[in-house]
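What follows is the content of final16.cif, which has mmCIF, C-alpha atoms:
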data_model
#
loop_
_atom_site.label_atom_id
_atom_site.label_comp_id
_atom_site.auth_asym_id
_atom_site.auth_seq_id
_atom_site.Cartn_x
_atom_site.Cartn_y
_atom_site.Cartn_z
CA MET I 16 -37.01 16.84 -81.96
CA PRO I 17 -39.20 16.38 -78.82
CA THR I 18 -38.54 19.04 -76.18
CA GLY I 19 -39.34 16.96 -73.10
CA SER I 20 -40.98 13.88 -71.71
CA VAL I 21 -44.43 13.35 -70.25
CA SER I 22 -45.48 11.41 -67.15
CA TRP I 23 -47.08 7.98 -67.12
CA ALA I 24 -50.41 9.51 -66.03
CA ALA I 25 -50.28 12.03 -68.89
CA LYS I 26 -49.87 9.15 -71.36
CA VAL I 27 -52.88 7.35 -69.84
CA PHE I 28 -54.99 10.51 -70.07
CA ALA I 29 -53.83 11.02 -73.67
CA VAL I 30 -55.23 7.59 -74.61
CA ALA I 31 -58.52 8.25 -72.77
CA ARG I 32 -58.79 11.77 -74.20
CA LYS I 33 -58.18 10.54 -77.75
CA ASP I 34 -60.96 7.97 -77.33
CA ILE I 35 -63.37 10.51 -75.83
CA VAL I 36 -62.73 13.09 -78.59
CA SER I 37 -63.00 10.38 -81.23
CA GLU I 38 -66.18 9.01 -79.65
CA PHE I 39 -67.94 12.38 -79.55
CA ARG I 40 -67.09 12.88 -83.23
CA THR I 41 -68.13 9.44 -84.47
CA ARG I 42 -70.62 8.30 -81.76
CA TYR I 43 -69.41 4.77 -82.48
CA ALA I 44 -70.19 3.28 -79.05
CA LEU I 45 -72.22 6.06 -77.45
CA ASN I 46 -75.14 5.81 -79.87
CA ALA I 47 -75.34 2.03 -79.51
CA ILE I 48 -75.27 2.21 -75.70
CA LEU I 49 -77.74 5.07 -75.38
CA MET I 50 -80.21 3.70 -77.94
CA PHE I 51 -80.17 0.32 -76.23
CA ALA I 52 -80.74 1.93 -72.84
CA LEU I 53 -83.57 4.16 -74.07
CA VAL I 54 -85.37 1.42 -75.98
CA THR I 55 -85.09 -1.04 -73.08
CA LEU I 56 -86.25 1.51 -70.53
CA THR I 57 -89.25 2.47 -72.65
CA VAL I 58 -90.23 -1.15 -73.31
CA VAL I 59 -89.82 -2.09 -69.64
CA SER I 60 -91.84 0.93 -68.51
CA PHE I 61 -94.71 -0.02 -70.85
CA ALA I 62 -94.57 -3.68 -69.87
CA VAL I 63 -94.23 -3.51 -66.10
CA GLY I 64 -95.12 0.07 -65.23
CA ALA I 65 -98.78 -0.69 -64.59
CA LEU I 66 -97.99 -3.81 -62.57
CA SER I 67 -96.14 -1.87 -59.82
CA PRO I 68 -93.42 -4.49 -59.43
CA SER I 69 -91.63 -4.86 -56.10
CA ARG I 70 -88.51 -2.82 -55.35
CA GLU I 71 -86.40 -6.01 -55.47
CA VAL I 72 -87.51 -6.47 -59.08
CA MET I 73 -86.80 -2.79 -59.79
CA ALA I 74 -83.21 -3.18 -58.50
CA ALA I 75 -82.65 -6.17 -60.81
CA LEU I 76 -84.26 -4.33 -63.76
CA PHE I 77 -81.94 -1.37 -63.28
CA TRP I 78 -78.84 -3.56 -63.57
CA ILE I 79 -80.25 -5.63 -66.44
CA ILE I 80 -80.63 -2.40 -68.43
CA GLN I 81 -77.20 -1.11 -67.33
CA PHE I 82 -75.48 -4.45 -68.10
CA PHE I 83 -76.92 -5.03 -71.58
CA ALA I 84 -76.58 -1.39 -72.61
CA ALA I 85 -72.92 -1.58 -71.58
CA MET I 86 -72.46 -4.85 -73.51
CA SER I 87 -73.71 -3.19 -76.69
CA GLY I 88 -70.88 -0.65 -76.77
CA LEU I 89 -67.95 -1.31 -74.46
CA SER I 90 -66.27 -3.91 -76.68
CA GLN I 91 -65.71 -1.22 -79.32
CA VAL I 92 -62.81 0.16 -77.30
CA PHE I 93 -60.43 -2.42 -78.81
CA VAL I 94 -62.48 -3.80 -81.71
CA LYS I 95 -62.39 -0.37 -83.37
CA GLU I 96 -58.58 -0.16 -83.03
CA GLU I 97 -58.10 -3.64 -84.55
CA GLU I 98 -60.64 -3.19 -87.36
CA SER I 99 -59.39 0.24 -88.42
CA GLY I 100 -55.75 -0.89 -88.25
CA THR I 101 -54.72 1.70 -85.65
CA ALA I 102 -53.79 -0.95 -83.04
CA MET I 103 -50.35 -1.18 -84.67
CA ILE I 104 -49.50 2.47 -84.05
CA LEU I 105 -50.72 2.18 -80.45
CA LYS I 106 -48.55 -0.90 -79.86
CA LEU I 107 -45.54 0.92 -81.27
CA SER I 108 -46.21 4.11 -79.34
CA SER I 109 -46.75 3.04 -75.78
CA GLU I 110 -46.52 0.42 -73.05
CA GLY I 111 -49.41 -2.03 -72.75
CA ILE I 112 -50.22 -0.85 -69.24
CA VAL I 113 -50.71 2.73 -70.46
CA ILE I 114 -53.10 1.55 -73.16
CA PHE I 115 -55.01 -0.61 -70.66
CA PHE I 116 -55.56 2.19 -68.16
CA GLY I 117 -56.44 4.67 -70.91
CA LYS I 118 -59.07 2.30 -72.29
CA LEU I 119 -60.31 1.50 -68.77
CA LEU I 120 -60.80 5.22 -68.09
CA PHE I 121 -62.68 5.62 -71.37
CA ASN I 122 -64.99 2.66 -70.61
CA LEU I 123 -65.60 4.05 -67.12
CA PHE I 124 -66.43 7.42 -68.66
CA LEU I 125 -68.96 5.77 -71.03
CA LEU I 126 -70.54 3.84 -68.15
CA LEU I 127 -70.87 6.96 -66.00
CA ILE I 128 -72.52 8.83 -68.90
CA LEU I 129 -74.85 5.86 -69.31
CA SER I 130 -75.73 5.90 -65.60
CA ILE I 131 -76.29 9.67 -65.63
CA ILE I 132 -78.83 9.20 -68.43
CA ILE I 133 -80.42 5.97 -67.19
CA ILE I 134 -81.00 6.94 -63.54
CA PRO I 135 -83.34 9.93 -64.04
CA LEU I 136 -85.17 8.17 -66.88
CA PHE I 137 -85.56 5.07 -64.70
CA VAL I 138 -87.02 7.15 -61.86
CA ILE I 139 -89.39 9.03 -64.19
CA LEU I 140 -90.55 6.17 -66.44
CA LEU I 141 -90.78 3.42 -63.81
CA LYS I 142 -91.92 5.74 -61.02
CA SER I 143 -89.54 4.13 -58.57
CA SER I 144 -86.61 5.69 -56.77
CA PRO I 145 -84.15 4.59 -54.08
CA GLU I 146 -84.95 5.45 -50.46
CA ASN I 147 -81.23 5.79 -49.75
CA TRP I 148 -79.67 7.76 -52.62
CA GLY I 149 -76.16 7.78 -51.13
CA MET I 150 -76.01 4.01 -50.89
CA PHE I 151 -77.52 3.66 -54.38
CA LEU I 152 -74.95 5.98 -55.98
CA ILE I 153 -72.03 4.26 -54.20
CA GLY I 154 -73.31 0.95 -55.59
CA VAL I 155 -73.59 2.43 -59.09
CA VAL I 156 -70.06 3.91 -59.03
CA LEU I 157 -68.41 0.76 -57.64
CA GLY I 158 -70.46 -1.42 -59.99
CA ASN I 159 -69.34 0.69 -62.94
CA VAL I 160 -65.68 0.44 -61.88
CA GLY I 161 -66.02 -3.37 -61.76
CA LEU I 162 -67.88 -3.45 -65.10
CA ALA I 163 -65.22 -1.27 -66.73
CA GLY I 164 -62.33 -3.31 -65.29
CA ALA I 165 -63.69 -6.65 -66.44
CA THR I 166 -65.03 -5.53 -69.82
CA THR I 167 -61.81 -3.75 -70.81
CA ILE I 168 -59.71 -6.93 -70.67
CA ILE I 169 -62.53 -9.00 -72.25
CA ALA I 170 -62.81 -6.41 -75.05
CA ALA I 171 -59.06 -6.80 -75.67
CA ILE I 172 -59.44 -10.59 -75.86
CA ILE I 173 -62.43 -10.59 -78.23
CA SER I 174 -60.88 -7.96 -80.51
CA LYS I 175 -58.43 -10.71 -81.58
CA ALA I 176 -61.25 -13.15 -82.43
CA THR I 177 -62.29 -13.63 -86.04
CA VAL I 178 -65.98 -13.95 -85.17
CA LYS I 179 -66.78 -11.38 -82.50
CA GLY I 180 -70.60 -11.33 -82.59
CA ALA I 181 -72.11 -12.10 -79.20
CA LEU I 182 -68.77 -13.32 -77.82
CA PHE I 183 -68.36 -10.22 -75.68
CA THR I 184 -71.61 -10.74 -73.74
CA VAL I 185 -71.09 -14.52 -73.51
CA LEU I 186 -67.58 -14.11 -72.08
CA SER I 187 -68.51 -11.18 -69.86
CA PHE I 188 -71.53 -12.68 -68.12
CA PRO I 189 -69.78 -15.42 -66.08
CA VAL I 190 -66.95 -13.04 -65.20
CA LEU I 191 -69.37 -10.31 -64.12
CA LYS I 192 -71.85 -12.57 -62.30
CA PRO I 193 -70.38 -12.11 -58.76
CA LEU I 194 -70.25 -8.35 -59.31
CA LEU I 195 -73.83 -8.20 -60.58
CA ILE I 196 -75.17 -10.26 -57.65
CA ALA I 197 -73.44 -7.96 -55.14
CA VAL I 198 -74.38 -4.73 -56.86
CA ILE I 199 -78.04 -5.79 -57.26
CA GLU I 200 -78.09 -6.54 -53.52
CA ILE I 201 -76.83 -3.03 -52.71
CA THR I 202 -79.32 -1.47 -55.11
CA LYS I 203 -82.15 -3.55 -53.60
CA VAL I 204 -81.27 -2.43 -50.05
CA SER I 205 -81.00 1.19 -51.21
CA PHE I 206 -84.46 0.98 -52.85
CA LEU I 207 -85.94 -0.50 -49.64
CA GLY I 208 -84.22 2.11 -47.46
CA GLY I 209 -82.12 -0.43 -45.51
CA THR I 210 -79.21 0.34 -43.22
CA ASP I 211 -75.50 0.52 -44.06
CA ALA I 212 -74.88 -2.69 -42.08
CA GLU I 213 -77.05 -4.61 -44.55
CA VAL I 214 -74.73 -3.79 -47.45
CA SER I 215 -71.38 -4.32 -45.76
CA SER I 216 -70.91 -7.85 -47.19
CA PRO I 217 -71.82 -7.01 -50.83
CA LEU I 218 -69.79 -3.80 -50.54
CA GLN I 219 -66.72 -5.75 -49.42
CA LEU I 220 -67.29 -8.22 -52.24
CA ILE I 221 -67.48 -5.44 -54.86
CA ILE I 222 -64.33 -3.71 -53.57
CA ALA I 223 -62.46 -7.06 -53.54
CA TYR I 224 -63.81 -7.84 -57.03
CA ASP I 225 -62.68 -4.45 -58.37
CA VAL I 226 -59.18 -4.88 -56.92
CA VAL I 227 -58.76 -8.51 -58.07
CA MET I 228 -60.19 -7.88 -61.54
CA THR I 229 -58.02 -4.81 -62.14
CA THR I 230 -54.88 -6.63 -60.90
CA LEU I 231 -55.60 -9.69 -63.05
CA SER I 232 -56.31 -7.51 -66.06
CA ILE I 233 -53.00 -5.66 -65.64
CA MET I 234 -51.15 -8.99 -65.43
CA LEU I 235 -52.92 -10.45 -68.49
CA PHE I 236 -53.16 -7.40 -70.69
CA ASP I 237 -49.64 -7.27 -72.11
CA PHE I 238 -49.91 -10.91 -73.20
CA VAL I 239 -53.28 -10.34 -74.91
CA TRP I 240 -52.34 -6.99 -76.45
CA ARG I 241 -49.03 -8.11 -77.97
CA GLN I 242 -50.51 -11.21 -79.67
CA MET O 6 -24.75 2.44 -79.21
CA LEU O 7 -27.85 0.54 -80.31
CA LYS O 8 -27.33 -2.62 -82.31
CA LEU O 9 -29.70 -4.91 -84.22
CA ASP O 10 -28.59 -8.50 -84.62
CA VAL O 11 -30.67 -10.78 -86.81
CA GLN O 12 -29.64 -14.41 -86.36
CA ASN O 13 -30.65 -17.23 -88.77
CA LEU O 14 -34.20 -15.98 -89.06
CA ALA O 15 -36.76 -18.27 -90.68
CA LYS O 16 -40.51 -18.03 -91.12
CA ARG O 17 -43.01 -20.63 -92.28
CA PHE O 18 -46.77 -20.34 -92.60
CA GLY O 19 -47.85 -23.95 -92.11
CA ALA O 20 -46.02 -26.02 -94.70
CA ARG O 21 -45.08 -22.99 -96.80
CA LYS O 22 -41.59 -21.65 -96.28
CA VAL O 23 -41.46 -17.87 -96.60
CA PHE O 24 -37.71 -17.44 -96.02
CA ASP O 25 -34.95 -18.96 -93.97
CA ASN O 26 -31.44 -18.32 -92.75
CA ILE O 27 -31.60 -14.52 -92.78
CA SER O 28 -28.75 -12.99 -90.80
CA PHE O 29 -27.40 -9.47 -90.61
CA THR O 30 -26.21 -6.94 -88.08
CA LEU O 31 -26.91 -3.22 -88.17
CA GLU O 32 -25.71 -0.23 -86.18
CA PRO O 33 -26.63 3.47 -86.50
CA GLY O 34 -25.26 4.80 -89.77
CA GLN O 35 -25.95 1.52 -91.58
CA SER O 36 -28.90 0.63 -93.75
CA ILE O 37 -30.36 -2.34 -95.55
CA ALA O 38 -33.01 -2.75 -98.22
CA ILE O 39 -35.10 -5.91 -98.08
CA VAL O 40 -35.95 -6.55 -101.70
CA GLY O 41 -37.85 -9.17 -103.61
CA PRO O 42 -40.99 -9.77 -105.66
CA ASN O 43 -44.53 -9.60 -104.27
CA GLY O 44 -45.18 -12.33 -101.72
CA SER O 45 -41.52 -12.97 -101.02
CA GLY O 46 -41.91 -12.06 -97.32
CA LYS O 47 -40.62 -8.48 -97.13
CA THR O 48 -43.44 -7.23 -94.91
CA THR O 49 -43.33 -10.46 -92.88
CA LEU O 50 -39.62 -9.90 -92.23
CA LEU O 51 -40.29 -6.30 -91.15
CA ARG O 52 -43.00 -7.51 -88.75
CA LEU O 53 -40.53 -10.01 -87.28
CA LEU O 54 -37.92 -7.27 -86.87
CA ILE O 55 -40.41 -5.02 -85.07
CA GLY O 56 -41.57 -7.84 -82.80
CA PHE O 57 -45.15 -8.07 -84.10
CA SER O 58 -44.63 -11.66 -85.19
CA ILE O 59 -42.69 -14.66 -83.88
CA PRO O 60 -40.06 -16.33 -86.11
CA THR O 61 -40.24 -20.07 -86.79
CA LYS O 62 -36.50 -20.22 -86.19
CA GLY O 63 -33.77 -17.76 -85.25
CA ARG O 64 -33.74 -14.56 -83.17
CA VAL O 65 -33.96 -10.80 -83.47
CA VAL O 66 -31.83 -9.16 -80.79
CA TYR O 67 -31.73 -5.45 -80.02
CA SER O 68 -28.95 -4.44 -77.67
CA GLU O 69 -27.39 -1.29 -76.28
CA GLU O 70 -23.90 -1.34 -74.78
CA GLY O 71 -24.06 -5.15 -74.81
CA LYS O 72 -27.33 -5.23 -72.85
CA HIS O 73 -30.36 -6.90 -74.49
CA LEU O 74 -33.39 -4.65 -74.89
CA ASP O 75 -36.97 -5.87 -74.49
CA PHE O 76 -39.82 -4.71 -76.74
CA ASP O 77 -40.72 -1.68 -74.61
CA SER O 78 -37.07 -0.56 -74.51
CA TYR O 79 -36.33 -0.72 -78.25
CA ARG O 80 -39.86 0.38 -79.28
CA LYS O 81 -39.02 3.87 -77.98
CA HIS O 82 -36.21 4.15 -80.53
CA LEU O 83 -38.17 2.70 -83.44
CA ALA O 84 -40.30 4.48 -86.03
CA PHE O 85 -42.25 2.50 -88.60
CA VAL O 86 -43.80 3.83 -91.79
CA SER O 87 -46.00 1.58 -93.87
CA PRO O 88 -49.01 1.88 -96.16
CA TYR O 89 -50.66 -0.69 -93.86
CA LEU O 90 -50.23 1.48 -90.79
CA ALA O 91 -53.47 3.37 -90.08
CA LEU O 92 -53.90 6.72 -88.37
CA TYR O 93 -57.00 8.05 -86.60
CA GLY O 94 -59.47 9.28 -89.21
CA SER O 95 -61.65 11.10 -86.68
CA LEU O 96 -58.71 13.23 -85.51
CA THR O 97 -56.98 16.01 -87.42
CA ALA O 98 -53.40 15.63 -88.66
CA ARG O 99 -52.17 17.80 -85.79
CA GLU O 100 -54.19 15.86 -83.20
CA ASN O 101 -52.79 12.58 -84.56
CA LEU O 102 -49.22 13.84 -84.23
CA HIS O 103 -49.85 15.26 -80.74
CA PHE O 104 -51.44 11.99 -79.63
CA ILE O 105 -48.74 9.71 -81.06
CA SER O 106 -45.96 11.83 -79.55
CA ARG O 107 -47.67 12.09 -76.18
CA VAL O 108 -48.36 8.36 -75.71
CA ASN O 109 -44.79 7.76 -76.80
CA GLY O 110 -43.79 9.91 -73.82
CA ASP O 111 -42.59 12.94 -75.81
CA LYS O 112 -43.71 16.48 -75.26
CA VAL O 113 -43.92 18.28 -78.60
CA SER O 114 -45.01 21.85 -79.18
CA ASP O 115 -47.27 23.18 -81.93
CA PRO O 116 -44.32 24.83 -83.78
CA GLU O 117 -42.51 21.46 -83.77
CA ILE O 118 -45.57 19.81 -85.27
CA GLU O 119 -45.89 22.56 -87.88
CA SER O 120 -42.22 22.11 -88.72
CA ALA O 121 -42.63 18.31 -89.11
CA LEU O 122 -45.70 18.87 -91.32
CA ALA O 123 -43.76 21.39 -93.41
CA LEU O 124 -40.86 18.94 -93.83
CA VAL O 125 -43.20 16.42 -95.48
CA GLY O 126 -44.99 19.04 -97.59
CA LEU O 127 -48.15 19.26 -95.47
CA GLU O 128 -47.79 22.85 -94.25
CA GLY O 129 -51.17 24.43 -93.49
CA ARG O 130 -52.93 21.06 -93.49
CA GLY O 131 -52.66 20.39 -89.76
CA ASP O 132 -56.36 21.02 -89.12
CA ASP O 133 -57.59 18.67 -91.85
CA PHE O 134 -59.21 15.50 -90.62
CA VAL O 135 -57.18 12.43 -91.52
CA SER O 136 -60.31 10.77 -92.93
CA ALA O 137 -60.23 13.48 -95.61
CA HIS O 138 -56.56 12.86 -96.48
CA SER O 139 -55.59 11.27 -99.77
CA SER O 140 -53.43 8.14 -99.55
CA GLY O 141 -50.38 10.23 -100.49
CA MET O 142 -51.07 12.80 -97.76
CA LEU O 143 -51.59 9.96 -95.30
CA GLN O 144 -48.21 8.51 -96.21
CA ARG O 145 -46.56 11.92 -95.72
CA LEU O 146 -48.26 12.28 -92.34
CA LYS O 147 -46.80 8.94 -91.23
CA TYR O 148 -43.36 10.29 -92.13
CA ALA O 149 -44.11 13.41 -90.04
CA ALA O 150 -44.94 11.12 -87.07
CA ALA O 151 -41.66 9.29 -87.62
CA ILE O 152 -39.71 12.58 -87.74
CA LEU O 153 -41.25 13.72 -84.43
CA LYS O 154 -40.19 10.45 -82.78
CA ASN O 155 -36.57 11.21 -83.69
CA PRO O 156 -35.84 7.48 -84.05
CA THR O 157 -32.60 5.51 -83.97
CA ILE O 158 -34.23 2.74 -86.00
CA LEU O 159 -36.30 3.70 -89.01
CA MET O 160 -38.23 0.91 -90.72
CA ILE O 161 -40.08 1.72 -93.90
CA ASP O 162 -42.31 -0.61 -95.84
CA GLU O 163 -42.73 0.49 -99.48
CA PRO O 164 -41.13 3.94 -98.92
CA THR O 165 -42.70 5.72 -101.87
CA SER O 166 -46.05 3.97 -101.88
CA ASN O 167 -48.84 6.40 -102.90
CA LEU O 168 -46.40 9.30 -103.24
CA ASP O 169 -46.16 11.65 -106.22
CA ASP O 170 -42.81 12.83 -107.61
CA SER O 171 -42.48 15.74 -105.16
CA GLY O 172 -43.39 13.40 -102.28
CA LYS O 173 -40.76 10.91 -103.42
CA LYS O 174 -38.11 13.62 -103.50
CA ILE O 175 -39.03 14.80 -99.99
CA ILE O 176 -38.86 11.24 -98.62
CA PHE O 177 -35.56 10.43 -100.38
CA ASP O 178 -34.07 13.61 -98.82
CA LEU O 179 -35.43 12.68 -95.38
CA ILE O 180 -33.97 9.19 -95.55
CA ASP O 181 -30.68 10.66 -96.72
CA LYS O 182 -30.60 13.08 -93.76
CA SER O 183 -31.41 10.30 -91.27
CA ARG O 184 -28.72 8.00 -92.67
CA LYS O 185 -25.91 9.23 -90.38
CA ASP O 186 -27.57 8.60 -87.00
CA CYS O 187 -30.10 5.91 -87.81
CA ILE O 188 -30.40 2.23 -88.56
CA ILE O 189 -32.52 2.27 -91.71
CA ILE O 190 -34.40 -0.78 -92.94
CA LEU O 191 -36.45 -0.54 -96.11
CA ALA O 192 -38.69 -3.11 -97.71
CA THR O 193 -39.23 -2.42 -101.36
CA ASN O 194 -39.50 -3.86 -104.84
CA GLU O 195 -38.84 -0.53 -106.57
CA LYS O 196 -35.34 -0.63 -108.12
CA GLU O 197 -34.88 3.15 -107.77
CA GLU O 198 -35.13 2.73 -103.97
CA TYR O 199 -32.35 0.15 -103.74
CA SER O 200 -29.78 2.94 -103.71
CA LEU O 201 -31.26 4.36 -100.50
CA ALA O 202 -29.52 1.55 -98.57
CA ASP O 203 -25.91 0.37 -98.24
CA ARG O 204 -26.82 -3.32 -98.50
CA LEU O 205 -29.48 -5.51 -100.04
CA CYS O 206 -31.21 -8.47 -98.46
CA GLN O 207 -32.69 -10.38 -101.38
CA LEU O 208 -35.77 -12.51 -100.66
CA GLY O 209 -37.51 -14.98 -102.94
CA SER O 210 -34.62 -15.35 -105.35
#
Spell out the structure here as structure tokens.
Amino acid sequence: MPTGSVSWAAKVFAVARKDIVSEFRTRYALNAILMFALVTLTVVSFAVGALSPSREVMAALFWIIQFFAAMSGLSQVFVKEEESGTAMILKLSSEGIVIFFGKLLFNLFLLLILSIIIIPLFVILLKSSPENWGMFLIGVVLGNVGLAGATTIIAAIISKATVKGALFTVLSFPVLKPLLIAVIEITKVSFLGGTDAEVSSPLQLIIAYDVVMTTLSIMLFDFVWRQ
Amino acid sequence: MLKLDVQNLAKRFGARKVFDNISFTLEPGQSIAIVGPNGSGKTTLLRLLIGFSIPTKGRVVYSEEGKHLDFDSYRKHLAFVSPYLALYGSLTARENLHFISRVNGDKVSDPEIESALALVGLEGRGDDFVSAHSSGMLQRLKYAAAILKNPTILMIDEPTSNLDDSGKKIIFDLIDKSRKDCIIILATNEKEEYSLADRLCQLGS
């Protein structure tokens, strides 16, 4: 009955598109992420706004908000498939690698939406902005790629667990620690208006982290997904 | 030609034996009904045949022209219909069929989807959200997804589950039409469905 075949990339985009359409209709993960981000930002702005904390502290605060907001929603990418019973049809319909990249794209999309909302609110509510916007945005994009890469495979692992609870955050933190340290360093330098040379080491670390994490995830995913 | 070879298959859950020593071979044009009372292991056997579960003993081998096929190779030829198989409630029937076909690597047009929906008696219902479908409509939609896949292996768990009389007739006709080119494996405890297959594999006797 089918009239032709579609490319590998088209299959990946089909998975990501399905998740995006589904997400905008149900707001399953988006609401959790955005509410967490808004509440945290508001609380932090009330608590530390008057104290005029240093820019180093501001850089760390930005990533604390980004990290925990992400933790509140990114695991849903596989948990929802397992809990609603649709994982079976996905397993029967496509290769594991297609599913992995589709889910990775969707998580990256969620993280970018989160950043687009958090950044202006952060600047307005905490009255603090980076001196070097280019460096700051590069850090945010690369940090989000690393976050999406690591959390996608961890989400696949925890979706198989009987008790999911806080497992996602607990498993993610040690895996994401090198990424967070490097990305906070870049954000700190961008807030202080430092030079590009100051971020070359953390930048290299993030790029290496993104490559290694994505490669490892690709190698592990089929094993996790087929269990 | 695709071939399914089931060799001395056994499954235990801890100390409990579900079944053992199940062997059969199937080629396109042949069919088998796995029958037995509730809890006899029909769905478990189907899961083993698909590759969703690992047997305690024995092997399930899919081959084509004497060459063994891995999961990703035989999965492309396999369609599975089951009351336990869920579709995406937040997507419409048409979106579900488009998505399933696309990730499977098949390009299907809107008229093809309409035609598959019409074949299962869901004409004009393509824009309904699956979350609003009754269990019978959901079962028909799963058959539409199977039709679009144009499978060589058709596995059906409880073929007429949730279906009314007209639904049953449609599905019996579909299975009958697929019989010539397909390996058909049914799991059922409805006696009227035994005749849909050439052979019976009795479990729990």
Residues selected by the PyMOL selection byres ((chain O) within 10 of (chain I)), written as an mmCIF file with C-alpha atoms, in the frame of the given file:
data_model
loop_
_atom_site.group_PDB
_atom_site.id
_atom_site.type_symbol
_atom_site.label_atom_id
_atom_site.label_comp_id
_atom_site.auth_asym_id
_atom_site.auth_seq_id
_atom_site.Cartn_x
_atom_site.Cartn_y
_atom_site.Cartn_z
ATOM 1 C CA ILE O 55 -40.410 -5.020 -85.070
ATOM 2 C CA GLY O 56 -41.570 -7.840 -82.800
ATOM 3 C CA PHE O 57 -45.150 -8.070 -84.100
ATOM 4 C CA SER O 58 -44.630 -11.660 -85.190
ATOM 5 C CA ILE O 59 -42.690 -14.660 -83.880
ATOM 6 C CA PHE O 76 -39.820 -4.710 -76.740
ATOM 7 C CA ASP O 77 -40.720 -1.680 -74.610
ATOM 8 C CA SER O 78 -37.070 -0.560 -74.510
ATOM 9 C CA TYR O 79 -36.330 -0.720 -78.250
ATOM 10 C CA ARG O 80 -39.860 0.380 -79.280
ATOM 11 C CA LYS O 81 -39.020 3.870 -77.980
ATOM 12 C CA HIS O 82 -36.210 4.150 -80.530
ATOM 13 C CA LEU O 83 -38.170 2.700 -83.440
ATOM 14 C CA ALA O 84 -40.300 4.480 -86.030
ATOM 15 C CA PHE O 85 -42.250 2.500 -88.600
ATOM 16 C CA VAL O 86 -43.800 3.830 -91.790
ATOM 17 C CA TYR O 89 -50.660 -0.690 -93.860
ATOM 18 C CA LEU O 90 -50.230 1.480 -90.790
ATOM 19 C CA ALA O 91 -53.470 3.370 -90.080
ATOM 20 C CA LEU O 92 -53.900 6.720 -88.370
ATOM 21 C CA TYR O 93 -57.000 8.050 -86.600
ATOM 22 C CA GLY O 94 -59.470 9.280 -89.210
ATOM 23 C CA SER O 95 -61.650 11.100 -86.680
ATOM 24 C CA LEU O 96 -58.710 13.230 -85.510
ATOM 25 C CA GLU O 100 -54.190 15.860 -83.200
ATOM 26 C CA ASN O 101 -52.790 12.580 -84.560
ATOM 27 C CA HIS O 103 -49.850 15.260 -80.740
ATOM 28 C CA PHE O 104 -51.440 11.990 -79.630
ATOM 29 C CA ILE O 105 -48.740 9.710 -81.060
ATOM 30 C CA SER O 106 -45.960 11.830 -79.550
ATOM 31 C CA ARG O 107 -47.670 12.090 -76.180
ATOM 32 C CA VAL O 108 -48.360 8.360 -75.710
ATOM 33 C CA ASN O 109 -44.790 7.760 -76.800
ATOM 34 C CA GLY O 110 -43.790 9.910 -73.820
ATOM 35 C CA ASP O 111 -42.590 12.940 -75.810
ATOM 36 C CA LYS O 112 -43.710 16.480 -75.260
ATOM 37 C CA VAL O 113 -43.920 18.280 -78.600
ATOM 38 C CA SER O 114 -45.010 21.850 -79.180
ATOM 39 C CA GLU O 117 -42.510 21.460 -83.770
ATOM 40 C CA ILE O 118 -45.570 19.810 -85.270
ATOM 41 C CA ALA O 121 -42.630 18.310 -89.110
ATOM 42 C CA ILE O 152 -39.710 12.580 -87.740
ATOM 43 C CA LEU O 153 -41.250 13.720 -84.430
ATOM 44 C CA LYS O 154 -40.190 10.450 -82.780
ATOM 45 C CA ASN O 155 -36.570 11.210 -83.690
ATOM 46 C CA PRO O 156 -35.840 7.480 -84.050
#
### Summary
In terms of only C-alpha atoms, the residue from I:Pro145, I:Phe121, I:Thr177, I:Met228 at minimal distance from Glu71 in chain I is I:Pro145
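Proximity to range 189-195 of chain O at 8 Å, evaluated using all atoms listed in the file and with sequence-adjacent residues fewer than 5 positions away removed, yields O:Pro33, O:Gly34, O:Gln35, O:Ser36, O:Ile37, O:Ala38, O:Ile39, O:Val40, O:Gly41, O:Pro42, O:Asn43, O:Lys47, O:Thr48, O:Leu51, O:Ile158, O:Leu159, O:Met160, O:Ile161, O:Asp162, O:Glu163, O:Pro164, O:Arg184, O:Ala202.
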### Task
Could you jot down the CA of Glu119 in chain O to CA of Ser166 in chain O separation for me, Å, one decimal place?
23.3 Å
### Task
Go ahead and compute the interatomic distance for CA of Val59 in chain I and CA of Gly149 in chain I, in Å to one decimal.
25.0 Å
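One distance worth recording is that between CA of Ser69 in chain I and CA of Ser144 in chain I, which is 11.7 Å.
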Coordinates of box centre and edge lengths for range 61-71 of chain O, 4 Å on every side, axis-aligned, as JSON:
{"center_x": -32.1, "center_y": -10.8, "center_z": -80.8, "size_x": 24.3, "size_y": 26.9, "size_z": 20.0}
### Task
Apply the PyMOL selection byres ((chain I and resi 213) around 12) to the structure shown and report the selected residues as an MDAnalysis selection string.
chainID I and resid 150 197 200:205 207:212 214:219
### Message
Applying the PyMOL selection byres ((chain O and resi 127) around 10) to the file I just gave you, which residues come out? Please list them as number ranges by chain.
### Response
O: 98, 119-126, 128-131, 142-143, 145-146, 149
### Task
Go through O:Asp203, O:Glu32, O:Asp132, O:Asp25 and flag the residue nearest Lys8 in chain O, using only C-alpha atoms for the distances.
O:Glu32
